[in-house]
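Trainee: This structure is in structure tokens; I'll ask about it shortly.
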Amino acid sequence: MPTRDRSATGQVDAIALESVHKWYGEFHVLRDINLNVRRGERIVICGPSGSGKSTMIRCINRLEEHQKGRIIVDGTELTNDLKRIDEVRRDVGMVFQHFNLFPHLTILENCTLAPIWVKKMPKKDAEEVAMKYLTRVKIPEQANKYPGQLSGGQQQRVAIARSLCMNPKIMLFDEPTSALDPEMVKEVLDTMVGLAEEGMTMLCVTHEMGFARQVADRVIFMDYGQIVEMNTPNEFFKNPQHERTKLFLSQILH
Amino acid sequence: MHAASQSPWRIIYDLRARAIFYQIVCAASVVLIAYFLFTNATGSLARQNITTGFAYLSREAGFVISQSPISYQPSDTYARALLVGIMNTVRVSILAAFLATVIGTLVGIARLSANPLLSRLAMVYVDVLRNVPLLLFLFLWYAVIVTSLPPARQAYQILPHVYLSNGGLIVPALQWSQELTYISLALIAGIGLAFPFARKMRDKRVVTGVERRRWPLVLLAVIAPPLLFFAVLRPTLAMDWPEIGRFRIAGGAQLMPEFVALLVGLSLSASANVAEIVRSGITAVKKGQWEAAASLGLHRPLALRLVILPQSLRVIIPPMTSTYLNVFKNSSLAIAIGYPDLVMVSNTIMNQTGQAIEPIAIFMMVYLSLSLCISAFMNWYNARVALRG
Ligand SMILES: Nc1ncnc2c1ncn2[C@@H]1O[C@H](COP(=O)(O)OP(=O)(O)O)[C@@H](O)[C@H]1O
Ligand SMILES: [Mg+2]
């Protein structure tokens, strides 16, 4: 079975990217990406704008297609097989920079839509699960409002709860705090720290270096579609190996 | 400053005063123009000894109308002839609007398909239909039907007792009886029943999470009432078989070429508009909505139905209203190919009675009030799907 990929320990990696390449037309956006993520591992990805961070994590739940190499998520290789894409998407939650809540549905309906229609969960059970996660992100009282009535920070917490309702094994975050006013960044980061402490496998594109220090097992620096450097946060911040990493860190850490 | 505001001329700078002034000017001009037209018209009609008034409505019409949803004879009144015209207009408009919506929605979605062949085809369809004037299009369809089919005597017999000729499609018909009317009403009631029934079942499926086949029960809801009526009333079923005569086919029920040409022309050309409206409505929804739906595991059709289309509706409905209004108003081009709609019937009435103003006034009132009904309905629907928050 080519889809099973066991590491030396005999355990299936949560995510494995093997020599992944991607092009947008002529533009080589991902160049030979190799990355293995163990279960429960938290990874922070940083790098300049346009370096391919979003593209990489969007390949992991097939919002983008890669053209070369292999991507294996929880033992399932991503191919053109729709069944497998469904399987992977059921296990992988994603949080976007601009929240992407469904504006025509209430907060509660946002959270129950996928459990009801994808998991075929009875409505009452789906609502119970939704209320549980809305309580976890500390906004159960907003359940019957519409997204447009909430602040940015609240919307992003709803987006996190909405993903969690599908009970994913892996969470992808694409700059979840970049669109927020400064005073709302903390409430979202706190939610993410809580998730990390519970052992969720997380890949997080962010420039919040405090968050990286606090929860990351590894920090990745990307530039020009490549993984330039990958290290523990301690080493990464204290002792960056590459000139480009140093330059980037000096720019964002001032 | 204070001194200036005391001056009586100051009022011409007052926004409210100006607004009221403009409204008075506007209303006064309308009244004056109407009065001028009215006195002029009545004056010249009186000089030419033309009778005015609506007394003609109760006189005998005396002309044939080729197709009518209700029974009509030349010995009926002008009023009944007008009613037939109104019903023909409404019938072809409603059917055309319905077909245009179904076809247009499918074509609009096809235009956004990832399959290049499908999206190209949809694009060609839209471009061709949008760039041909409707009137020519109607002539085209009428010509296609009338010239490509043989005259009645050499009608194609496509099935036993089913004839296709340039006189239209003729099929065997049931001889209508009172009981059959009741059974049809029961069928309509059954269809009306099926919608809330299907919705109930969907809600139940949402509540319990148990997937059940819906269509057998829905079908049962549709056919049970007419079957029940049939069993109770036991109507005698006599068929009216069409027979080829010397010049025409006698008996049976007939689908006239004028009706088909108008229906096809109206609905296809409107469907191109609908397709563009649906396409722009779907593309108006941000890409992030598709991505969020996909990342939650919803397939494209499900995402389209549950996430994208409900949001597109807000963008789709206002231009849809004007498309429906256009279908309704353009149905008056029927006169060009001889379908007896309201305008054509009115036209005949004008010729026969010599009275022009009254029939025109009537059909304008009918168009205006039905158009306002369409607008009111669409506004109500728009308010219902409006985004909250
Ligand atoms: N759909 C697309 N078509 C063409 N180029 C794209 C597309 N999406 C992204 N790109 C390009 O790919 C590069 C990487 O984009 P992205 O992964 O979003 O970078 P990052 O998230 O690191 O800022 C950018 O130069 C961007 O312009
Ligand atoms: Mg990005």
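Each chain of the structure tokens is named A, B, ... in the order shown, its residues numbered from 1; ligands are numbered from 1 in display order.
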Could you list the protein, DNA and RNA residues that have any atom within 10 Å of ligand 2, counting only C-alpha atoms and all ligand atoms, and write them as an mmCIF file with N, CA and C atoms, in the first residue's frame?

Mentor:
```cif
data_model
loop_
_atom_site.group_PDB
_atom_site.id
_atom_site.type_symbol
_atom_site.label_atom_id
_atom_site.label_comp_id
_atom_site.auth_asym_id
_atom_site.auth_seq_id
_atom_site.Cartn_x
_atom_site.Cartn_y
_atom_site.Cartn_z
ATOM 1 N N CYS A 46 7.192 30.922 9.466
ATOM 2 C CA CYS A 46 7.268 32.351 9.195
ATOM 3 C C CYS A 46 8.095 32.581 7.943
ATOM 4 N N GLY A 47 8.130 33.815 7.509
ATOM 5 C CA GLY A 47 8.869 34.134 6.293
ATOM 6 C C GLY A 47 8.245 35.343 5.638
ATOM 7 N N PRO A 48 8.991 35.954 4.702
ATOM 8 C CA PRO A 48 8.466 37.174 4.085
ATOM 9 C C PRO A 48 7.197 36.905 3.279
ATOM 10 N N SER A 49 6.489 37.977 3.030
ATOM 11 C CA SER A 49 5.264 37.871 2.243
ATOM 12 C C SER A 49 5.587 37.353 0.846
ATOM 13 N N GLY A 50 4.788 36.433 0.355
ATOM 14 C CA GLY A 50 5.001 35.891 -0.983
ATOM 15 C C GLY A 50 5.968 34.734 -1.027
ATOM 16 N N SER A 51 6.416 34.249 0.157
ATOM 17 C CA SER A 51 7.425 33.189 0.150
ATOM 18 C C SER A 51 6.806 31.809 -0.025
ATOM 19 N N GLY A 52 5.478 31.707 -0.001
ATOM 20 C CA GLY A 52 4.842 30.409 -0.249
ATOM 21 C C GLY A 52 4.290 29.724 0.991
ATOM 22 N N LYS A 53 4.223 30.454 2.107
ATOM 23 C CA LYS A 53 3.732 29.847 3.354
ATOM 24 C C LYS A 53 2.284 29.397 3.208
ATOM 25 N N SER A 54 1.438 30.314 2.748
ATOM 26 C CA SER A 54 0.023 29.957 2.582
ATOM 27 C C SER A 54 -0.125 28.807 1.602
ATOM 28 N N THR A 55 0.576 28.915 0.489
ATOM 29 C CA THR A 55 0.463 27.875 -0.537
ATOM 30 C C THR A 55 0.806 26.513 0.060
ATOM 31 N N MET A 56 1.849 26.466 0.879
ATOM 32 C CA MET A 56 2.249 25.182 1.437
ATOM 33 C C MET A 56 1.148 24.596 2.327
ATOM 34 N N ILE A 57 0.628 25.393 3.259
ATOM 35 C CA ILE A 57 -0.357 24.761 4.146
ATOM 36 C C ILE A 57 -1.675 24.507 3.413
ATOM 37 N N ARG A 58 -1.953 25.296 2.364
ATOM 38 C CA ARG A 58 -3.185 25.031 1.616
ATOM 39 C C ARG A 58 -3.079 23.760 0.769
ATOM 40 N N PHE A 96 -8.627 30.790 8.700
ATOM 41 C CA PHE A 96 -8.117 31.703 7.677
ATOM 42 C C PHE A 96 -7.857 33.092 8.259
ATOM 43 N N GLN A 97 -7.046 33.838 7.522
ATOM 44 C CA GLN A 97 -6.744 35.206 7.940
ATOM 45 C C GLN A 97 -8.021 36.044 8.059
ATOM 46 N N ASP A 174 -3.686 30.014 9.020
ATOM 47 C CA ASP A 174 -2.985 30.884 8.068
ATOM 48 C C ASP A 174 -3.102 32.333 8.530
ATOM 49 N N GLU A 175 -2.076 32.807 9.206
ATOM 50 C CA GLU A 175 -2.049 34.168 9.754
ATOM 51 C C GLU A 175 -3.364 34.531 10.449
ATOM 52 N N SER A 178 -3.504 38.266 11.730
ATOM 53 C CA SER A 178 -2.991 39.397 10.933
ATOM 54 C C SER A 178 -4.051 40.419 10.594
ATOM 55 N N VAL A 205 0.917 29.447 10.401
ATOM 56 C CA VAL A 205 1.660 30.538 9.778
ATOM 57 C C VAL A 205 1.377 31.781 10.602
ATOM 58 N N THR A 206 2.414 32.352 11.210
ATOM 59 C CA THR A 206 2.182 33.565 12.004
ATOM 60 C C THR A 206 3.499 34.299 12.199
#
```

Trainee: Pull out every residue of chain A sitting within 7 Å of chain B, counting only C-alpha atoms, and send them as a PDB file with N, CA, C and O atoms, in the first residue's frame.

Mentor:
```
ATOM      1  N   ASN A  61      -4.495  20.551   2.820  1.00  0.00           N
ATOM      2  CA  ASN A  61      -5.891  20.083   2.719  1.00  0.00           C
ATOM      3  C   ASN A  61      -6.432  20.259   1.304  1.00  0.00           C
ATOM      4  O   ASN A  61      -7.626  20.345   1.086  1.00  0.00           O
ATOM      5  N   LEU A  63      -6.592  22.609  -0.798  1.00  0.00           N
ATOM      6  CA  LEU A  63      -7.193  23.803  -1.382  1.00  0.00           C
ATOM      7  C   LEU A  63      -6.364  24.191  -2.597  1.00  0.00           C
ATOM      8  O   LEU A  63      -6.847  24.855  -3.506  1.00  0.00           O
ATOM      9  N   ASP A  86     -11.705  14.018   0.542  1.00  0.00           N
ATOM     10  CA  ASP A  86     -12.735  14.137   1.572  1.00  0.00           C
ATOM     11  C   ASP A  86     -12.234  13.637   2.915  1.00  0.00           C
ATOM     12  O   ASP A  86     -12.438  14.264   3.943  1.00  0.00           O
ATOM     13  N   ARG A  89      -9.847  16.084   4.375  1.00  0.00           N
ATOM     14  CA  ARG A  89     -10.468  17.327   4.833  1.00  0.00           C
ATOM     15  C   ARG A  89     -11.278  17.110   6.099  1.00  0.00           C
ATOM     16  O   ARG A  89     -11.463  18.029   6.898  1.00  0.00           O
ATOM     17  N   ARG A  90     -11.786  15.893   6.268  1.00  0.00           N
ATOM     18  CA  ARG A  90     -12.540  15.619   7.492  1.00  0.00           C
ATOM     19  C   ARG A  90     -11.616  15.640   8.711  1.00  0.00           C
ATOM     20  O   ARG A  90     -12.045  15.947   9.812  1.00  0.00           O
ATOM     21  N   GLY A  93      -8.635  20.672  10.074  1.00  0.00           N
ATOM     22  CA  GLY A  93      -9.384  21.921  10.182  1.00  0.00           C
ATOM     23  C   GLY A  93      -8.514  23.074   9.715  1.00  0.00           C
ATOM     24  O   GLY A  93      -7.296  22.992   9.758  1.00  0.00           O
ATOM     25  N   MET A  94      -9.165  24.146   9.257  1.00  0.00           N
ATOM     26  CA  MET A  94      -8.356  25.284   8.801  1.00  0.00           C
ATOM     27  C   MET A  94      -8.976  26.594   9.260  1.00  0.00           C
ATOM     28  O   MET A  94     -10.192  26.769   9.203  1.00  0.00           O
ATOM     29  N   ASN A 100     -13.602  34.019   7.197  1.00  0.00           N
ATOM     30  CA  ASN A 100     -14.481  33.293   6.272  1.00  0.00           C
ATOM     31  C   ASN A 100     -15.648  32.613   6.951  1.00  0.00           C
ATOM     32  O   ASN A 100     -16.028  31.491   6.602  1.00  0.00           O
ATOM     33  N   PHE A 102     -19.664  32.123   7.543  1.00  0.00           N
ATOM     34  CA  PHE A 102     -20.769  32.222   6.590  1.00  0.00           C
ATOM     35  C   PHE A 102     -21.723  33.308   7.061  1.00  0.00           C
ATOM     36  O   PHE A 102     -22.418  33.134   8.069  1.00  0.00           O
ATOM     37  N   HIS A 104     -24.546  34.473   6.205  1.00  0.00           N
ATOM     38  CA  HIS A 104     -26.004  34.310   6.198  1.00  0.00           C
ATOM     39  C   HIS A 104     -26.478  33.359   7.278  1.00  0.00           C
ATOM     40  O   HIS A 104     -27.676  33.135   7.412  1.00  0.00           O
ATOM     41  N   ALA A 114     -21.475  21.889   8.997  1.00  0.00           N
ATOM     42  CA  ALA A 114     -20.698  20.745   8.508  1.00  0.00           C
ATOM     43  C   ALA A 114     -20.998  19.456   9.295  1.00  0.00           C
ATOM     44  O   ALA A 114     -21.190  18.407   8.686  1.00  0.00           O
ATOM     45  N   ILE A 116     -23.743  18.536  10.561  1.00  0.00           N
ATOM     46  CA  ILE A 116     -25.039  18.023  10.117  1.00  0.00           C
ATOM     47  C   ILE A 116     -24.958  17.453   8.710  1.00  0.00           C
ATOM     48  O   ILE A 116     -25.446  16.363   8.438  1.00  0.00           O
ATOM     49  N   VAL A 118     -22.116  16.953   6.653  1.00  0.00           N
ATOM     50  CA  VAL A 118     -20.995  16.093   6.281  1.00  0.00           C
ATOM     51  C   VAL A 118     -20.963  14.846   7.168  1.00  0.00           C
ATOM     52  O   VAL A 118     -20.843  13.730   6.692  1.00  0.00           O
ATOM     53  N   LYS A 120     -23.468  13.919   9.099  1.00  0.00           N
ATOM     54  CA  LYS A 120     -24.841  13.432   9.269  1.00  0.00           C
ATOM     55  C   LYS A 120     -25.202  13.306  10.741  1.00  0.00           C
ATOM     56  O   LYS A 120     -25.839  12.346  11.177  1.00  0.00           O
ATOM     57  N   MET A 121     -24.739  14.247  11.498  1.00  0.00           N
ATOM     58  CA  MET A 121     -25.003  14.222  12.936  1.00  0.00           C
ATOM     59  C   MET A 121     -26.409  14.757  13.184  1.00  0.00           C
ATOM     60  O   MET A 121     -26.843  15.688  12.512  1.00  0.00           O
ATOM     61  N   PRO A 122     -27.158  14.167  14.125  1.00  0.00           N
ATOM     62  CA  PRO A 122     -28.459  14.753  14.465  1.00  0.00           C
ATOM     63  C   PRO A 122     -28.277  16.192  14.921  1.00  0.00           C
ATOM     64  O   PRO A 122     -27.284  16.526  15.574  1.00  0.00           O
ATOM     65  N   LYS A 123     -29.263  17.033  14.588  1.00  0.00           N
ATOM     66  CA  LYS A 123     -29.122  18.459  14.845  1.00  0.00           C
ATOM     67  C   LYS A 123     -28.859  18.749  16.326  1.00  0.00           C
ATOM     68  O   LYS A 123     -28.021  19.578  16.673  1.00  0.00           O
ATOM     69  N   LYS A 124     -29.587  18.039  17.186  1.00  0.00           N
ATOM     70  CA  LYS A 124     -29.446  18.324  18.617  1.00  0.00           C
ATOM     71  C   LYS A 124     -28.030  18.035  19.090  1.00  0.00           C
ATOM     72  O   LYS A 124     -27.443  18.820  19.831  1.00  0.00           O
ATOM     73  N   TYR A 146     -25.400  36.981  14.275  1.00  0.00           N
ATOM     74  CA  TYR A 146     -24.805  36.746  12.962  1.00  0.00           C
ATOM     75  C   TYR A 146     -23.363  37.249  12.971  1.00  0.00           C
ATOM     76  O   TYR A 146     -23.026  38.170  13.739  1.00  0.00           O
ATOM     77  N   GLY A 148     -21.664  39.247  11.224  1.00  0.00           N
ATOM     78  CA  GLY A 148     -21.487  40.683  11.075  1.00  0.00           C
ATOM     79  C   GLY A 148     -21.675  41.468  12.371  1.00  0.00           C
ATOM     80  O   GLY A 148     -21.299  42.631  12.441  1.00  0.00           O
ATOM     81  N   GLN A 149     -22.282  40.840  13.372  1.00  0.00           N
ATOM     82  CA  GLN A 149     -22.532  41.553  14.625  1.00  0.00           C
ATOM     83  C   GLN A 149     -21.402  41.371  15.633  1.00  0.00           C
ATOM     84  O   GLN A 149     -21.484  41.880  16.741  1.00  0.00           O
ATOM     85  N   SER A 163     -14.235  24.948  13.204  1.00  0.00           N
ATOM     86  CA  SER A 163     -13.353  23.865  12.771  1.00  0.00           C
ATOM     87  C   SER A 163     -13.346  22.722  13.782  1.00  0.00           C
ATOM     88  O   SER A 163     -13.391  21.556  13.410  1.00  0.00           O
TER      89      SER A 163
END
```

Trainee: Write out as a PyMOL selection string each polymer residue whose atoms come within 9 Å of A:Gln226, counting only C-alpha atoms; drop sequence neighbours fewer than 2 positions from it.

Mentor: chain A and resi 29-33+51-52+221-224+228-229

Trainee: Mind checking which residues fall within 12 Å of A:Gly194, counting only C-alpha atoms, ignoring those fewer than 2 positions away in the same chain, and posting them as a list in words?

Mentor: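 Selected residues are Arg136, Val137, Lys138, Ile160, Glu187, Val188, Leu189, Asp190, Thr191, Met192, Ala196, Glu197, Glu198, Gly199, Met200, Met202, Phe211, Gln214 and Val215 of chain A.
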
Trainee: Keeping only N, CA and C atoms, write the selected residues to a file as a PDB file, in the first residue's frame.

Mentor:
```pdb
ATOM      1  N   ARG A 136     -15.815  26.846  24.978  1.00  0.00           N
ATOM      2  CA  ARG A 136     -14.359  26.754  25.054  1.00  0.00           C
ATOM      3  C   ARG A 136     -13.687  28.024  24.554  1.00  0.00           C
ATOM      4  N   VAL A 137     -14.219  28.609  23.468  1.00  0.00           N
ATOM      5  CA  VAL A 137     -13.609  29.844  22.966  1.00  0.00           C
ATOM      6  C   VAL A 137     -14.248  31.073  23.630  1.00  0.00           C
ATOM      7  N   LYS A 138     -15.059  30.833  24.657  1.00  0.00           N
ATOM      8  CA  LYS A 138     -15.595  31.870  25.548  1.00  0.00           C
ATOM      9  C   LYS A 138     -16.599  32.814  24.900  1.00  0.00           C
ATOM     10  N   ILE A 160     -12.486  29.245  14.798  1.00  0.00           N
ATOM     11  CA  ILE A 160     -11.758  28.131  15.418  1.00  0.00           C
ATOM     12  C   ILE A 160     -12.744  27.091  15.952  1.00  0.00           C
ATOM     13  N   GLU A 187      -6.737  37.550  22.613  1.00  0.00           N
ATOM     14  CA  GLU A 187      -7.814  36.583  22.874  1.00  0.00           C
ATOM     15  C   GLU A 187      -7.763  35.409  21.909  1.00  0.00           C
ATOM     16  N   VAL A 188      -7.332  35.669  20.667  1.00  0.00           N
ATOM     17  CA  VAL A 188      -7.233  34.572  19.696  1.00  0.00           C
ATOM     18  C   VAL A 188      -6.016  33.702  20.008  1.00  0.00           C
ATOM     19  N   LEU A 189      -4.889  34.357  20.316  1.00  0.00           N
ATOM     20  CA  LEU A 189      -3.691  33.575  20.642  1.00  0.00           C
ATOM     21  C   LEU A 189      -3.928  32.706  21.872  1.00  0.00           C
ATOM     22  N   ASP A 190      -4.633  33.251  22.872  1.00  0.00           N
ATOM     23  CA  ASP A 190      -4.928  32.458  24.073  1.00  0.00           C
ATOM     24  C   ASP A 190      -5.693  31.194  23.714  1.00  0.00           C
ATOM     25  N   THR A 191      -6.669  31.354  22.819  1.00  0.00           N
ATOM     26  CA  THR A 191      -7.437  30.186  22.376  1.00  0.00           C
ATOM     27  C   THR A 191      -6.527  29.149  21.733  1.00  0.00           C
ATOM     28  N   MET A 192      -5.582  29.648  20.920  1.00  0.00           N
ATOM     29  CA  MET A 192      -4.683  28.719  20.230  1.00  0.00           C
ATOM     30  C   MET A 192      -3.723  28.048  21.197  1.00  0.00           C
ATOM     31  N   ALA A 196      -3.133  24.061  21.828  1.00  0.00           N
ATOM     32  CA  ALA A 196      -1.812  23.438  21.801  1.00  0.00           C
ATOM     33  C   ALA A 196      -1.586  22.625  23.071  1.00  0.00           C
ATOM     34  N   GLU A 197      -2.031  23.179  24.192  1.00  0.00           N
ATOM     35  CA  GLU A 197      -1.818  22.477  25.463  1.00  0.00           C
ATOM     36  C   GLU A 197      -2.591  21.172  25.522  1.00  0.00           C
ATOM     37  N   GLU A 198      -3.667  21.089  24.752  1.00  0.00           N
ATOM     38  CA  GLU A 198      -4.429  19.835  24.752  1.00  0.00           C
ATOM     39  C   GLU A 198      -3.862  18.804  23.798  1.00  0.00           C
ATOM     40  N   GLY A 199      -2.765  19.168  23.114  1.00  0.00           N
ATOM     41  CA  GLY A 199      -2.097  18.166  22.293  1.00  0.00           C
ATOM     42  C   GLY A 199      -2.537  18.113  20.854  1.00  0.00           C
ATOM     43  N   MET A 200      -3.217  19.152  20.377  1.00  0.00           N
ATOM     44  CA  MET A 200      -3.615  19.194  18.973  1.00  0.00           C
ATOM     45  C   MET A 200      -2.384  19.332  18.084  1.00  0.00           C
ATOM     46  N   MET A 202      -0.639  21.038  15.244  1.00  0.00           N
ATOM     47  CA  MET A 202      -0.926  22.361  14.687  1.00  0.00           C
ATOM     48  C   MET A 202       0.174  22.823  13.748  1.00  0.00           C
ATOM     49  N   PHE A 211       4.169  33.846  20.553  1.00  0.00           N
ATOM     50  CA  PHE A 211       3.402  32.605  20.460  1.00  0.00           C
ATOM     51  C   PHE A 211       4.322  31.456  20.062  1.00  0.00           C
ATOM     52  N   GLN A 214       6.353  30.341  22.906  1.00  0.00           N
ATOM     53  CA  GLN A 214       5.573  29.719  23.977  1.00  0.00           C
ATOM     54  C   GLN A 214       5.143  28.290  23.627  1.00  0.00           C
ATOM     55  N   VAL A 215       4.685  28.055  22.382  1.00  0.00           N
ATOM     56  CA  VAL A 215       4.096  26.738  22.115  1.00  0.00           C
ATOM     57  C   VAL A 215       4.812  25.906  21.063  1.00  0.00           C
TER      58      VAL A 215
END
```

Trainee: Let's see if you can do this: from backbone DSSP, list all strand (DSSP E or B) residues in stretch 183-336 of chain B, as a PyMOL selection string.

Mentor: chain B and resi 239-240+243-244+249-250+253-255

Trainee: When you look at A:Ala14 with a cut-off of 7 Å (counting only C-alpha atoms), what residues show up, excluding the ones that are within fewer than 5 positions of it in the same chain? I need them as a CSV table (one decimal) with all heavy atoms, in the first residue's frame.

Mentor:
```csv
chain,number,residue,atom,x,y,z
A,37,VAL,N,5.7,16.0,10.1
A,37,VAL,CA,5.1,16.5,11.4
A,37,VAL,C,4.6,15.3,12.2
A,37,VAL,O,3.8,14.5,11.7
A,37,VAL,CB,4.0,17.5,11.1
A,37,VAL,CG1,3.4,18.0,12.3
A,37,VAL,CG2,4.4,18.6,10.1
A,38,ARG,N,5.1,15.2,13.4
A,38,ARG,CA,4.6,14.1,14.2
A,38,ARG,C,3.3,14.4,14.9
A,38,ARG,O,2.9,15.6,14.9
A,38,ARG,CB,5.6,13.8,15.3
A,38,ARG,CG,7.0,13.3,14.9
A,38,ARG,CD,7.8,12.9,16.1
A,38,ARG,NE,7.9,14.0,17.0
A,38,ARG,CZ,8.8,15.0,16.9
A,38,ARG,NH1,9.6,15.1,15.9
A,38,ARG,NH2,8.8,15.9,17.8
A,39,ARG,N,2.6,13.4,15.3
A,39,ARG,CA,1.3,13.6,16.0
A,39,ARG,C,1.5,14.5,17.2
A,39,ARG,O,2.5,14.3,18.0
A,39,ARG,CB,0.7,12.3,16.5
A,39,ARG,CG,0.3,11.4,15.4
A,39,ARG,CD,-1.1,11.0,15.5
A,39,ARG,NE,-1.6,10.6,14.3
A,39,ARG,CZ,-1.7,9.3,14.0
A,39,ARG,NH1,-1.4,8.3,14.9
A,39,ARG,NH2,-2.2,8.9,12.8
A,73,VAL,N,-1.3,12.7,4.5
A,73,VAL,CA,-1.9,13.3,5.7
A,73,VAL,C,-2.5,12.2,6.5
A,73,VAL,O,-3.4,11.5,6.0
A,73,VAL,CB,-2.9,14.4,5.3
A,73,VAL,CG1,-3.5,15.0,6.6
A,73,VAL,CG2,-2.3,15.5,4.5
A,74,ASP,N,-2.0,12.0,7.7
A,74,ASP,CA,-2.5,10.9,8.5
A,74,ASP,C,-2.6,9.6,7.8
A,74,ASP,O,-3.6,8.9,7.9
A,74,ASP,CB,-3.9,11.3,9.1
A,74,ASP,CG,-4.3,10.5,10.3
A,74,ASP,OD1,-3.4,10.2,11.1
A,74,ASP,OD2,-5.5,10.2,10.5
```

Trainee: Near B:Leu140, within 12 Å and counting only C-alpha atoms, which residues show up once chain neighbours fewer than 4 positions away are dropped, as an MDAnalysis selection string?

Mentor: chainID B and resid 132:136 144:148 258 261:262 264:265 336:337

Trainee: Run DSSP on the backbone and give me the residues of stretch 53-82 of chain A it puts in alpha helix (DSSP H), as number ranges by chain.

Mentor: A: 53-60, 82

Trainee: Determine, counting only C-alpha atoms, which protein, DNA and RNA residues have an atom within 12 Å of an atom of B:Leu228; residues of the same chain fewer than 2 positions away are not included. Present the result as a list in words.

Mentor: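 My list of contacting residues is Tyr182, Ile183, Ser184, Ala186, Leu187, Gly190, Leu220, Ala221, Val222, Ile223, Ala224, Pro225, Pro226, Phe230, Ala231, Val232, Leu233 and Arg234 of chain B.
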
Trainee: What does the file look like for those residues with C-alpha atoms, as a JSON list (two decimals), in the first residue's frame?

Mentor:
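Okay, part-v1.json is ready:
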```json
[["chain", "number", "residue", "atom", "x", "y", "z"],
["B", 182, "TYR", "CA", -62.04, 17.93, -9.39],
["B", 183, "ILE", "CA", -59.31, 15.36, -9.92],
["B", 184, "SER", "CA", -57.01, 18.00, -11.42],
["B", 186, "ALA", "CA", -56.77, 17.33, -6.19],
["B", 187, "LEU", "CA", -53.53, 16.88, -8.14],
["B", 190, "GLY", "CA", -51.17, 17.15, -3.89],
["B", 220, "LEU", "CA", -47.06, 9.50, -2.75],
["B", 221, "ALA", "CA", -48.09, 12.89, -1.38],
["B", 222, "VAL", "CA", -48.52, 14.13, -4.95],
["B", 223, "ILE", "CA", -50.51, 11.22, -6.39],
["B", 224, "ALA", "CA", -52.55, 10.10, -3.39],
["B", 225, "PRO", "CA", -55.17, 12.92, -3.48],
["B", 226, "PRO", "CA", -56.02, 12.59, -7.22],
["B", 230, "PHE", "CA", -60.56, 9.11, -8.95],
["B", 231, "ALA", "CA", -61.61, 6.10, -6.90],
["B", 232, "VAL", "CA", -64.51, 7.97, -5.33],
["B", 233, "LEU", "CA", -65.82, 9.87, -8.38],
["B", 234, "ARG", "CA", -65.23, 7.10, -10.96]]
```
